[in-house]
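J.: Sending over run.pdb (PDB, C-alpha atoms).
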MODEL        1
ATOM      1  CA  MET A   1       0.000   0.000   0.000
ATOM      2  CA  SER A   2       2.884   2.362   0.494
ATOM      3  CA  ASN A   3       4.063   2.052  -3.110
ATOM      4  CA  ALA A   4       1.463   4.247  -4.764
ATOM      5  CA  PRO A   5       2.637   7.357  -6.622
ATOM      6  CA  THR A   6       1.211   9.773  -4.084
ATOM      7  CA  MET A   7       0.103   9.728  -0.466
ATOM      8  CA  GLU A   8      -3.502  10.347  -1.435
ATOM      9  CA  GLU A   9      -3.358   7.329  -3.702
ATOM     10  CA  ASP A  10      -1.980   5.204  -0.841
ATOM     11  CA  ILE A  11      -5.064   6.090   1.165
ATOM     12  CA  ALA A  12      -7.373   5.505  -1.798
ATOM     13  CA  LEU A  13      -5.963   2.019  -2.394
ATOM     14  CA  GLY A  14      -6.217   1.251   1.306
ATOM     15  CA  ASN A  15      -9.855   2.355   1.331
ATOM     16  CA  ILE A  16     -10.627   0.198  -1.705
ATOM     17  CA  ALA A  17      -8.946  -2.820  -0.130
ATOM     18  CA  LEU A  18     -10.904  -2.331   3.077
ATOM     19  CA  ASP A  19     -14.170  -2.081   1.130
ATOM     20  CA  LEU A  20     -13.422  -5.370  -0.618
ATOM     21  CA  LEU A  21     -12.452  -6.989   2.667
ATOM     22  CA  GLY A  22     -15.754  -5.880   4.178
ATOM     23  CA  GLN A  23     -17.675  -7.368   1.267
ATOM     24  CA  ALA A  24     -15.764 -10.637   1.645
ATOM     25  CA  ARG A  25     -16.465 -10.774   5.360
ATOM     26  CA  GLY A  26     -20.159 -10.200   4.786
ATOM     27  CA  LEU A  27     -20.341 -13.126   2.408
ATOM     28  CA  LEU A  28     -18.065 -15.393   4.470
ATOM     29  CA  GLN A  29     -20.151 -14.792   7.583
ATOM     30  CA  ARG A  30     -23.283 -15.800   5.699
ATOM     31  CA  CYS A  31     -21.605 -18.913   4.289
ATOM     32  CA  ALA A  32     -20.262 -19.847   7.706
ATOM     33  CA  ALA A  33     -23.721 -19.534   9.239
ATOM     34  CA  GLU A  34     -25.025 -21.820   6.514
ATOM     35  CA  ILE A  35     -22.459 -24.566   7.071
ATOM     36  CA  GLY A  36     -22.224 -24.175  10.833
ATOM     37  CA  GLY A  37     -18.738 -22.785  11.209
ATOM     38  CA  ASP A  38     -17.272 -19.312  11.393
ATOM     39  CA  GLU A  39     -15.773 -16.903   8.887
ATOM     40  CA  ASP A  40     -12.239 -17.390  10.203
ATOM     41  CA  GLU A  41     -12.320 -21.089   9.398
ATOM     42  CA  LEU A  42     -13.296 -20.317   5.833
ATOM     43  CA  ALA A  43     -10.696 -17.603   5.434
ATOM     44  CA  TYR A  44      -7.755 -19.102   7.255
ATOM     45  CA  PHE A  45      -8.124 -22.852   7.063
ATOM     46  CA  ARG A  46      -9.093 -23.562   3.474
ATOM     47  CA  ASP A  47      -6.393 -24.667   1.080
ATOM     48  CA  SER A  48      -6.073 -23.177  -2.359
ATOM     49  CA  GLU A  49      -8.088 -25.925  -4.063
ATOM     50  CA  ALA A  50     -11.097 -24.843  -2.024
ATOM     51  CA  PHE A  51     -10.981 -21.234  -3.216
ATOM     52  CA  ARG A  52     -13.130 -20.174  -6.168
ATOM     53  CA  ASN A  53     -11.952 -16.619  -6.724
ATOM     54  CA  PRO A  54     -11.313 -15.441 -10.281
ATOM     55  CA  LEU A  55      -7.661 -15.893 -11.211
ATOM     56  CA  LEU A  56      -7.424 -12.162 -11.904
ATOM     57  CA  CYS A  57      -7.786 -11.428  -8.208
ATOM     58  CA  GLU A  58      -4.805 -13.461  -7.048
ATOM     59  CA  LEU A  59      -2.257 -11.962  -9.440
ATOM     60  CA  PRO A  60       0.453  -9.961  -7.691
ATOM     61  CA  ASN A  61       0.642  -6.186  -7.938
ATOM     62  CA  GLY A  62       2.804  -4.948 -10.756
ATOM     63  CA  ASP A  63       3.570  -1.324 -11.434
ATOM     64  CA  PHE A  64       0.828   1.217 -10.832
ATOM     65  CA  ALA A  65      -0.551   0.811 -14.356
ATOM     66  CA  TYR A  66      -0.827  -2.946 -13.899
ATOM     67  CA  THR A  67      -2.555  -2.531 -10.543
ATOM     68  CA  MET A  68      -5.060  -0.052 -12.011
ATOM     69  CA  VAL A  69      -5.859  -2.193 -15.071
ATOM     70  CA  ARG A  70      -6.318  -5.249 -12.872
ATOM     71  CA  GLN A  71      -8.606  -3.215 -10.625
ATOM     72  CA  LEU A  72     -10.550  -1.996 -13.670
ATOM     73  CA  PHE A  73     -11.153  -5.556 -14.834
ATOM     74  CA  ALA A  74     -12.171  -6.655 -11.338
ATOM     75  CA  ASP A  75     -14.441  -3.647 -10.749
ATOM     76  CA  ALA A  76     -16.280  -4.268 -14.012
ATOM     77  CA  TRP A  77     -16.918  -7.846 -12.928
ATOM     78  CA  PHE A  78     -18.025  -6.907  -9.403
ATOM     79  CA  ALA A  79     -20.466  -4.378 -10.815
ATOM     80  CA  GLY A  80     -22.242  -7.145 -12.680
ATOM     81  CA  VAL A  81     -22.198  -9.580  -9.757
ATOM     82  CA  TRP A  82     -23.580  -7.136  -7.196
ATOM     83  CA  ALA A  83     -26.264  -5.841  -9.556
ATOM     84  CA  VAL A  84     -27.538  -9.363 -10.239
ATOM     85  CA  LEU A  85     -27.540 -10.357  -6.561
ATOM     86  CA  ALA A  86     -29.235  -7.186  -5.361
ATOM     87  CA  ALA A  87     -32.001  -7.416  -7.938
ATOM     88  CA  ASP A  88     -32.893 -11.050  -7.358
ATOM     89  CA  ASP A  89     -35.632 -11.595  -4.746
ATOM     90  CA  THR A  90     -34.871 -15.280  -4.466
ATOM     91  CA  VAL A  91     -31.376 -14.537  -3.194
ATOM     92  CA  ASP A  92     -30.798 -14.756   0.567
ATOM     93  CA  ALA A  93     -31.568 -11.491   2.365
ATOM     94  CA  ASP A  94     -28.141 -11.169   4.012
ATOM     95  CA  VAL A  95     -26.373 -11.670   0.721
ATOM     96  CA  ARG A  96     -28.648  -9.104  -0.891
ATOM     97  CA  GLY A  97     -27.789  -6.684   1.909
ATOM     98  CA  VAL A  98     -24.079  -7.119   1.223
ATOM     99  CA  ALA A  99     -24.752  -6.593  -2.484
ATOM    100  CA  GLU A 100     -26.764  -3.411  -1.989
ATOM    101  CA  LYS A 101     -24.007  -1.836   0.085
ATOM    102  CA  ALA A 102     -21.353  -3.115  -2.289
ATOM    103  CA  ILE A 103     -23.006  -1.472  -5.287
ATOM    104  CA  LYS A 104     -22.200   1.976  -3.897
ATOM    105  CA  GLU A 105     -18.657   1.014  -2.967
ATOM    106  CA  ASN A 106     -18.161  -0.495  -6.390
ATOM    107  CA  ALA A 107     -19.422   2.668  -8.087
ATOM    108  CA  TYR A 108     -16.603   4.574  -6.460
ATOM    109  CA  HIS A 109     -13.988   1.892  -7.187
ATOM    110  CA  TRP A 110     -15.045   1.928 -10.834
ATOM    111  CA  ARG A 111     -14.801   5.706 -11.018
ATOM    112  CA  HIS A 112     -11.336   5.533  -9.465
ATOM    113  CA  SER A 113      -9.852   2.778 -11.632
ATOM    114  CA  SER A 114     -11.412   3.970 -14.898
ATOM    115  CA  ALA A 115     -10.225   7.534 -14.271
ATOM    116  CA  TRP A 116      -6.684   6.271 -13.724
ATOM    117  CA  VAL A 117      -6.666   3.913 -16.707
ATOM    118  CA  VAL A 118      -7.788   6.737 -19.001
ATOM    119  CA  ARG A 119      -5.145   9.095 -17.615
ATOM    120  CA  LEU A 120      -2.378   6.507 -17.774
ATOM    121  CA  GLY A 121      -3.344   5.202 -21.212
ATOM    122  CA  ASP A 122      -3.886   8.587 -22.806
ATOM    123  CA  GLY A 123      -0.909  10.046 -20.971
ATOM    124  CA  THR A 124       2.806  10.164 -21.593
ATOM    125  CA  ASP A 125       4.586   7.712 -23.879
ATOM    126  CA  GLU A 126       5.856   5.825 -20.874
ATOM    127  CA  SER A 127       2.538   5.612 -19.072
ATOM    128  CA  HIS A 128       0.863   4.509 -22.296
ATOM    129  CA  ARG A 129       3.477   1.806 -22.864
ATOM    130  CA  ARG A 130       3.170   0.457 -19.331
ATOM    131  CA  THR A 131      -0.629   0.495 -19.396
ATOM    132  CA  GLN A 132      -0.739  -1.260 -22.759
ATOM    133  CA  GLU A 133       1.660  -3.902 -21.433
ATOM    134  CA  ALA A 134      -0.604  -4.314 -18.425
ATOM    135  CA  VAL A 135      -3.693  -4.832 -20.590
ATOM    136  CA  ASP A 136      -1.850  -7.380 -22.735
ATOM    137  CA  ALA A 137      -0.519  -9.216 -19.661
ATOM    138  CA  LEU A 138      -3.877  -9.310 -17.859
ATOM    139  CA  TRP A 139      -6.069 -10.098 -20.878
ATOM    140  CA  PRO A 140      -5.498 -13.895 -20.699
ATOM    141  CA  PHE A 141      -6.768 -13.859 -17.114
ATOM    142  CA  ARG A 142     -10.203 -12.488 -17.990
ATOM    143  CA  GLY A 143     -11.706 -15.954 -18.368
ATOM    144  CA  GLU A 144     -13.779 -16.065 -15.203
ATOM    145  CA  VAL A 145     -14.818 -12.434 -15.286
ATOM    146  CA  ALA A 146     -15.526 -11.710 -18.944
ATOM    147  CA  SER A 147     -19.052 -11.574 -20.314
ATOM    148  CA  ASP A 148     -20.826  -9.418 -22.888
ATOM    149  CA  GLU A 149     -21.719  -7.028 -20.097
ATOM    150  CA  TRP A 150     -18.124  -6.954 -18.884
ATOM    151  CA  TYR A 151     -16.781  -6.168 -22.336
ATOM    152  CA  ALA A 152     -19.438  -3.461 -22.698
ATOM    153  CA  ARG A 153     -18.124  -1.825 -19.544
ATOM    154  CA  ILE A 154     -14.408  -1.938 -20.165
ATOM    155  CA  GLU A 155     -14.146  -1.499 -23.919
ATOM    156  CA  PRO A 156     -15.205   2.186 -23.902
ATOM    157  CA  VAL A 157     -12.750   2.937 -21.112
ATOM    158  CA  LEU A 158      -9.883   1.236 -22.927
ATOM    159  CA  ALA A 159     -10.827   3.031 -26.137
ATOM    160  CA  GLU A 160     -10.818   6.406 -24.408
ATOM    161  CA  ALA A 161      -7.444   5.481 -22.938
ATOM    162  CA  THR A 162      -6.183   4.822 -26.512
ATOM    163  CA  LEU A 163      -5.421   1.216 -25.577
ATOM    164  CA  THR A 164      -5.922  -1.897 -27.693
ATOM    165  CA  THR A 165      -6.812  -5.415 -26.610
ATOM    166  CA  PRO A 166      -5.971  -8.791 -28.110
ATOM    167  CA  GLY A 167      -9.694  -9.171 -28.843
ATOM    168  CA  ARG A 168     -12.651 -10.945 -27.298
ATOM    169  CA  ASP A 169     -11.719 -14.270 -28.906
ATOM    170  CA  ALA A 170      -8.129 -14.377 -27.709
ATOM    171  CA  TRP A 171      -7.189 -17.382 -25.573
ATOM    172  CA  THR A 172      -7.844 -17.153 -21.853
ATOM    173  CA  GLN A 173      -6.732 -19.006 -18.743
ATOM    174  CA  ARG A 174      -9.414 -20.699 -16.686
ATOM    175  CA  GLY A 175      -9.751 -23.108 -13.814
ATOM    176  CA  SER A 176     -10.599 -21.429 -10.554
ATOM    177  CA  ALA A 177     -14.190 -22.700 -10.642
ATOM    178  CA  ASP A 178     -12.677 -26.148 -10.123
ATOM    179  CA  GLY A 179     -10.108 -24.989  -7.627
ATOM    180  CA  TRP A 180      -7.189 -24.742 -10.075
ATOM    181  CA  HIS A 181      -5.187 -21.633  -9.306
ATOM    182  CA  THR A 182      -2.009 -19.862 -10.297
ATOM    183  CA  GLU A 183       1.062 -20.263  -8.152
ATOM    184  CA  HIS A 184       0.440 -16.792  -6.749
ATOM    185  CA  LEU A 185      -2.469 -17.924  -4.607
ATOM    186  CA  GLY A 186      -0.148 -20.209  -2.694
ATOM    187  CA  TYR A 187       2.032 -17.310  -1.578
ATOM    188  CA  LEU A 188      -0.965 -15.132  -0.751
ATOM    189  CA  LEU A 189      -2.572 -17.796   1.405
ATOM    190  CA  ALA A 190       0.707 -18.660   3.110
ATOM    191  CA  GLU A 191       1.104 -15.064   4.172
ATOM    192  CA  MET A 192      -2.538 -14.567   5.116
ATOM    193  CA  GLN A 193      -3.040 -17.843   6.941
ATOM    194  CA  SER A 194       0.291 -18.407   8.670
ATOM    195  CA  LEU A 195      -0.554 -16.617  11.895
ATOM    196  CA  ALA A 196      -3.976 -18.224  12.308
ATOM    197  CA  ARG A 197      -2.592 -21.647  11.534
ATOM    198  CA  ALA A 198       0.284 -21.201  13.986
ATOM    199  CA  HIS A 199      -2.168 -20.288  16.738
ATOM    200  CA  PRO A 200      -5.503 -21.865  15.874
ATOM    201  CA  GLY A 201      -8.424 -20.546  17.868
ATOM    202  CA  ALA A 202      -6.473 -17.579  19.214
ATOM    203  CA  SER A 203      -8.206 -14.257  19.783
ATOM    204  CA  TRP A 204      -6.925 -10.723  20.396
TER     205      TRP A 204
ATOM    206  CA  MET B   1       4.955  14.024  -9.548
ATOM    207  CA  ILE B   2       5.722  16.726 -12.062
ATOM    208  CA  ASN B   3       2.344  18.191 -12.913
ATOM    209  CA  GLU B   4       0.615  18.058  -9.579
ATOM    210  CA  LYS B   5      -1.118  21.114  -8.217
ATOM    211  CA  LEU B   6      -2.050  21.887  -4.653
ATOM    212  CA  TRP B   7      -5.749  22.234  -3.868
ATOM    213  CA  GLU B   8      -7.475  23.474  -0.733
ATOM    214  CA  VAL B   9     -10.344  21.273   0.448
ATOM    215  CA  PHE B  10     -13.618  22.438   1.993
ATOM    216  CA  ILE B  11     -16.122  19.956   3.388
ATOM    217  CA  ARG B  12     -19.720  20.480   4.457
ATOM    218  CA  SER B  13     -20.595  18.187   7.289
ATOM    219  CA  ARG B  14     -23.789  16.169   7.509
ATOM    220  CA  ASN B  15     -25.474  18.685   9.817
ATOM    221  CA  GLY B  16     -23.726  21.743   8.548
ATOM    222  CA  LEU B  17     -24.764  24.657   6.428
ATOM    223  CA  HIS B  18     -21.403  25.815   5.172
ATOM    224  CA  HIS B  19     -18.250  24.264   3.792
ATOM    225  CA  ALA B  20     -15.332  24.435   6.208
ATOM    226  CA  HIS B  21     -11.673  24.264   5.310
ATOM    227  CA  VAL B  22     -10.189  20.914   6.354
ATOM    228  CA  GLY B  23      -6.836  20.764   4.618
ATOM    229  CA  SER B  24      -5.240  20.302   1.246
ATOM    230  CA  VAL B  25      -4.500  17.619  -1.335
ATOM    231  CA  HIS B  26      -2.225  17.252  -4.317
ATOM    232  CA  ALA B  27      -3.757  16.232  -7.637
ATOM    233  CA  VAL B  28      -3.130  16.717 -11.330
ATOM    234  CA  ASP B  29      -6.627  17.945 -12.173
ATOM    235  CA  ALA B  30      -9.930  18.905 -10.598
ATOM    236  CA  GLU B  31     -11.612  15.513 -10.917
ATOM    237  CA  MET B  32      -8.721  13.729  -9.205
ATOM    238  CA  ALA B  33      -8.628  16.454  -6.559
ATOM    239  CA  VAL B  34     -12.248  15.747  -5.601
ATOM    240  CA  GLU B  35     -11.544  12.012  -5.486
ATOM    241  CA  ASN B  36      -8.403  12.456  -3.405
ATOM    242  CA  ALA B  37     -10.254  14.780  -1.047
ATOM    243  CA  ARG B  38     -13.007  12.207  -0.704
ATOM    244  CA  ASP B  39     -10.450   9.505   0.110
ATOM    245  CA  VAL B  40      -8.438  11.553   2.560
ATOM    246  CA  TYR B  41     -11.010  13.782   4.275
ATOM    247  CA  THR B  42     -14.286  11.848   4.312
ATOM    248  CA  ARG B  43     -13.082   8.447   5.457
ATOM    249  CA  ARG B  44     -14.888   8.696   8.762
ATOM    250  CA  GLY B  45     -18.142  10.169   7.591
ATOM    251  CA  GLU B  46     -17.018  13.757   8.052
ATOM    252  CA  GLY B  47     -18.988  15.220   5.212
ATOM    253  CA  VAL B  48     -21.553  15.179   2.440
ATOM    254  CA  SER B  49     -20.185  17.768   0.068
ATOM    255  CA  ILE B  50     -16.696  18.607  -1.149
ATOM    256  CA  TRP B  51     -15.309  21.776  -2.696
ATOM    257  CA  VAL B  52     -11.756  21.882  -4.006
ATOM    258  CA  VAL B  53     -10.102  25.124  -5.015
ATOM    259  CA  PRO B  54      -6.656  25.496  -6.538
ATOM    260  CA  SER B  55      -4.518  26.940  -3.778
ATOM    261  CA  ASN B  56      -3.204  29.668  -6.004
ATOM    262  CA  ALA B  57      -6.766  30.914  -6.575
ATOM    263  CA  ILE B  58      -7.118  31.804  -2.926
ATOM    264  CA  VAL B  59      -6.403  35.396  -2.016
ATOM    265  CA  ALA B  60      -5.641  35.808   1.674
ATOM    266  CA  SER B  61      -5.258  38.775   3.929
ATOM    267  CA  ASP B  62      -1.716  39.649   4.915
ATOM    268  CA  PRO B  63      -1.040  38.727   8.571
ATOM    269  CA  ALA B  64       0.946  41.924   8.938
ATOM    270  CA  ASP B  65      -2.292  43.867   8.364
ATOM    271  CA  LYS B  66      -4.054  42.090  11.201
ATOM    272  CA  ASP B  67      -4.152  45.153  13.439
ATOM    273  CA  GLU B  68      -5.595  47.580  10.968
ATOM    274  CA  LEU B  69      -8.097  45.113   9.510
ATOM    275  CA  PHE B  70      -9.521  43.520  12.635
ATOM    276  CA  GLU B  71      -8.771  45.430  15.840
ATOM    277  CA  PRO B  72     -11.054  48.422  15.277
ATOM    278  CA  ALA B  73     -14.097  46.159  15.217
ATOM    279  CA  LEU B  74     -13.405  44.720  18.667
ATOM    280  CA  THR B  75     -14.137  47.888  20.636
ATOM    281  CA  LYS B  76     -17.223  48.950  18.733
ATOM    282  CA  VAL B  77     -19.823  47.334  20.922
ATOM    283  CA  TYR B  78     -22.684  49.073  19.138
ATOM    284  CA  ARG B  79     -21.992  46.859  16.083
ATOM    285  CA  HIS B  80     -22.230  43.580  17.963
ATOM    286  CA  PRO B  81     -25.595  41.832  17.708
ATOM    287  CA  THR B  82     -25.865  41.146  21.429
ATOM    288  CA  PHE B  83     -28.693  43.519  22.343
ATOM    289  CA  TYR B  84     -31.229  41.615  20.298
ATOM    290  CA  GLU B  85     -33.232  38.727  21.733
ATOM    291  CA  ILE B  86     -33.505  35.883  19.265
ATOM    292  CA  PRO B  87     -37.013  34.398  19.421
ATOM    293  CA  ASP B  88     -37.380  30.667  20.010
ATOM    294  CA  GLY B  89     -37.863  28.712  16.832
ATOM    295  CA  VAL B  90     -35.489  30.765  14.721
ATOM    296  CA  ALA B  91     -33.126  27.982  13.776
ATOM    297  CA  ASN B  92     -30.255  29.605  11.994
ATOM    298  CA  ILE B  93     -29.122  33.198  12.300
TER     299      ILE B  93
ENDMDL
END
Just dump the structure as structure tokens.
T.:
Amino acid sequence: MSNAPTMEEDIALGNIALDLLGQARGLLQRCAAEIGGDEDELAYFRDSEAFRNPLLCELPNGDFAYTMVRQLFADAWFAGVWAVLAADDTVDADVRGVAEKAIKENAYHWRHSSAWVVRLGDGTDESHRRTQEAVDALWPFRGEVASDEWYARIEPVLAEATLTTPGRDAWTQRGSADGWHTEHLGYLLAEMQSLARAHPGASW
Amino acid sequence: MINEKLWEVFIRSRNGLHHAHVGSVHAVDAEMAVENARDVYTRRGEGVSIWVVPSNAIVASDPADKDELFEPALTKVYRHPTFYEIPDGVANI
């Protein structure tokens, strides 16, 4: 978090991360209630094969352009997910509550990441180069998040940012729906889970 | 960053009527300034409205002129609105 270009951006990224964490907790608590456990068990004691997150979300941070493009792709996906959950009466009420709150948070995240991608893409030669490299590097990881709606959200932003994509039909990585993940998830979970696993059941 | 400007931030609180100065942010343009101000100054629910003004647009009084600008008013009791009873029910004067 302390690697952003400015102090204000450090705080912005921290806020965004906290929003996402809050959304995750809301859903994990509901899942835990359903299966009779608690959210910590789901977060700290699952192995990577049990995680179903889109591969995009486990990729490490790159330079600022990479981080913003990755966030753009994720925000476009979240927008669709929350909208569908909030609008569906058959969905559990707690989950719908999380979705309704998340829609507002996501609106801000989208504004933030799209504003940055446009400025970086349609910016200096260097920022354009780095942002284009980021789009090309992240494009094959759109498999679990891409849909017609997703493309409809990000394509105008990328166009305004004067960026190109390898195209909707380009090959994409997949697998997280079956628990197949990139090697990056292993490192993330090791860091996140090590304390809880060293002291199971501990509390502050 | 090379092209960043300094902006002064004014926030109107939830129950407030006026925007109050809360600090400053750096940003390259007005849109980013509003977003940065939102991230830095409204994290804890401090406000519902943000104004950002480029710092170089603000004209301030010179502190050296403090005496001539402000002292004369202090001793002129007849200008102070303290002899008037405000009726109940007048919310904001």
J.: With distances taken over only C-alpha atoms, which of A:Val145, A:Gly36, A:Ala102, A:Ser127 is nearest to Ala177 in chain A?
T.: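 Smallest distance to Ala177 in chain A is found for A:Val145.
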J.: Tell me as an MDAnalysis selection string which residues belonging to chain B come within 8 Å of chain A, counting only C-alpha atoms.
T.: chainID B and resid 1 25:26 35:36 39:40
J.: Output C-alpha atoms for every residue in that selection, as a short mmCIF file (atom, residue, chain, number, x, y, z; two decimals), in the frame of the given file.
T.:
data_model
loop_
_atom_site.label_atom_id
_atom_site.label_comp_id
_atom_site.auth_asym_id
_atom_site.auth_seq_id
_atom_site.Cartn_x
_atom_site.Cartn_y
_atom_site.Cartn_z
CA MET B 1 4.96 14.02 -9.55
CA VAL B 25 -4.50 17.62 -1.34
CA HIS B 26 -2.22 17.25 -4.32
CA GLU B 35 -11.54 12.01 -5.49
CA ASN B 36 -8.40 12.46 -3.40
CA ASP B 39 -10.45 9.51 0.11
CA VAL B 40 -8.44 11.55 2.56
#
J.: Residues near Gln173 in chain A, anyone? I mean within 7 Å using all atoms listed in the file, not counting same-chain ones fewer than 2 positions away, as an MDAnalysis selection string.
T.: chainID A and resid 140:141 143
J.: As a PyMOL selection string, please: the residues near Glu133 in chain A (cut-off 12 Å, all atoms listed in the file, same-chain neighbours under 4 positions excluded).
T.: chain A and resi 62-67+69-70+120-121+126-129+137-139+163-166
J.: So, counting only C-alpha atoms, which residue among A:Thr172, A:Asn106, A:Asn53, A:Thr90 is closest to Ala76 in chain A?
T.: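 That would be A:Asn106, the residue with the smallest distance to Ala76 in chain A.
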J.: Name the residues captured by the PyMOL selection byres ((chain B and resi 13-15) around 8) when it is applied to the shown file; answer as an NGL selection string.
T.: :B and (11-12 or 16-19 or 46-49)
J.: Any chance you could work out the residue set of the PyMOL selection byres ((chain A and resi 20) around 12) here, as number ranges by chain?
T.: A: 13-19, 21-27, 57, 71, 74-75, 78, 98-99, 101-106, 108-109
J.: Which residue gives the smallest distance to Glu100 in chain A among A:Ser113, A:Asp178, A:Ala83, A:Ser147, with only C-alpha atoms counted?
T.: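 Closest candidate: A:Ala83.
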J.: For this structure, which residues satisfy the selection - the PyMOL selection byres ((chain A and resi 179) around 7) - when it is evaluated on the file as given? I want them as a ChimeraX atom specification.
T.: /A:48-52,175-178,180-181
J.: Write out as JSON an axis-aligned box for range 44-56 of chain B: all of its atoms listed in the file, 6 Å added on each side, centre and edge lengths in Å with one decimal.
T.:
{"center_x": -12.4, "center_y": 19.2, "center_z": 1.1, "size_x": 30.3, "size_y": 33.0, "size_z": 27.3}
J.: So what do you get for CA of Ser114 in chain A versus CA of Tyr151 in chain A, distance-wise?
T.: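 Value for the CA of Ser114 in chain A-CA of Tyr151 in chain A distance: 13.7 Å.
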J.: If you measure from CA of Ala190 in chain A to CA of Ala32 in chain A, what distance in Å do you get, rounded to one decimal?
T.: 21.5 Å
J.: Which residue gives the smallest distance to Leu59 in chain A among A:Glu191, A:Asp94, A:Glu183, A:Asp122, with all atoms listed in the file counted?
T.: A:Glu183
J.: Just want the 12 Å neighbourhood of Asp148 in chain A, counted on only C-alpha atoms, with same-chain residues fewer than 3 positions away dropped. Output as a ChimeraX atom specification.
T.: /A:76-77,80,145,151-155,168-169
J.: Just the number, please: distance in Å from CA of Asn3 in chain A to CA of Met68 in chain A, one decimal.
T.: 12.9 Å
J.: Hey, which of A:Trp204, A:Ala146, A:Val117, A:Thr124 ends up closest to Glu160 in chain A? Count all atoms listed in the file.
T.: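 Among the listed residues, A:Val117 lies closest to Glu160 in chain A.
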J.: Please output range 161-173 of chain A, rebuilt to include N, CA and C atoms, as a JSON list (two decimals), keeping the file's coordinate frame.
T.:
[["chain", "number", "residue", "atom", "x", "y", "z"],
["A", 161, "ALA", "N", -8.83, 5.46, -23.39],
["A", 161, "ALA", "CA", -7.44, 5.48, -22.94],
["A", 161, "ALA", "C", -6.47, 5.20, -24.08],
["A", 162, "THR", "N", -6.96, 5.11, -25.29],
["A", 162, "THR", "CA", -6.18, 4.82, -26.51],
["A", 162, "THR", "C", -5.42, 3.51, -26.39],
["A", 163, "LEU", "N", -6.07, 2.52, -25.73],
["A", 163, "LEU", "CA", -5.42, 1.22, -25.58],
["A", 163, "LEU", "C", -6.11, 0.19, -26.46],
["A", 164, "THR", "N", -5.33, -0.82, -26.89],
["A", 164, "THR", "CA", -5.92, -1.90, -27.69],
["A", 164, "THR", "C", -5.97, -3.16, -26.85],
["A", 165, "THR", "N", -6.79, -4.12, -27.29],
["A", 165, "THR", "CA", -6.81, -5.42, -26.61],
["A", 165, "THR", "C", -6.54, -6.50, -27.64],
["A", 166, "PRO", "N", -6.15, -7.70, -27.16],
["A", 166, "PRO", "CA", -5.97, -8.79, -28.11],
["A", 166, "PRO", "C", -7.29, -9.31, -28.69],
["A", 167, "GLY", "N", -8.41, -8.77, -28.25],
["A", 167, "GLY", "CA", -9.69, -9.17, -28.84],
["A", 167, "GLY", "C", -10.47, -10.14, -27.96],
["A", 168, "ARG", "N", -11.80, -10.13, -28.14],
["A", 168, "ARG", "CA", -12.65, -10.94, -27.30],
["A", 168, "ARG", "C", -12.38, -12.43, -27.47],
["A", 169, "ASP", "N", -11.90, -12.84, -28.65],
["A", 169, "ASP", "CA", -11.72, -14.27, -28.91],
["A", 169, "ASP", "C", -10.35, -14.79, -28.54],
["A", 170, "ALA", "N", -9.47, -13.91, -28.05],
["A", 170, "ALA", "CA", -8.13, -14.38, -27.71],
["A", 170, "ALA", "C", -8.20, -15.41, -26.60],
["A", 171, "TRP", "N", -7.20, -16.30, -26.56],
["A", 171, "TRP", "CA", -7.19, -17.38, -25.57],
["A", 171, "TRP", "C", -7.21, -16.83, -24.15],
["A", 172, "THR", "N", -7.85, -17.59, -23.24],
["A", 172, "THR", "CA", -7.84, -17.15, -21.85],
["A", 172, "THR", "C", -7.61, -18.33, -20.92],
["A", 173, "GLN", "N", -6.98, -18.04, -19.83],
["A", 173, "GLN", "CA", -6.73, -19.01, -18.74],
["A", 173, "GLN", "C", -8.04, -19.25, -18.01]]
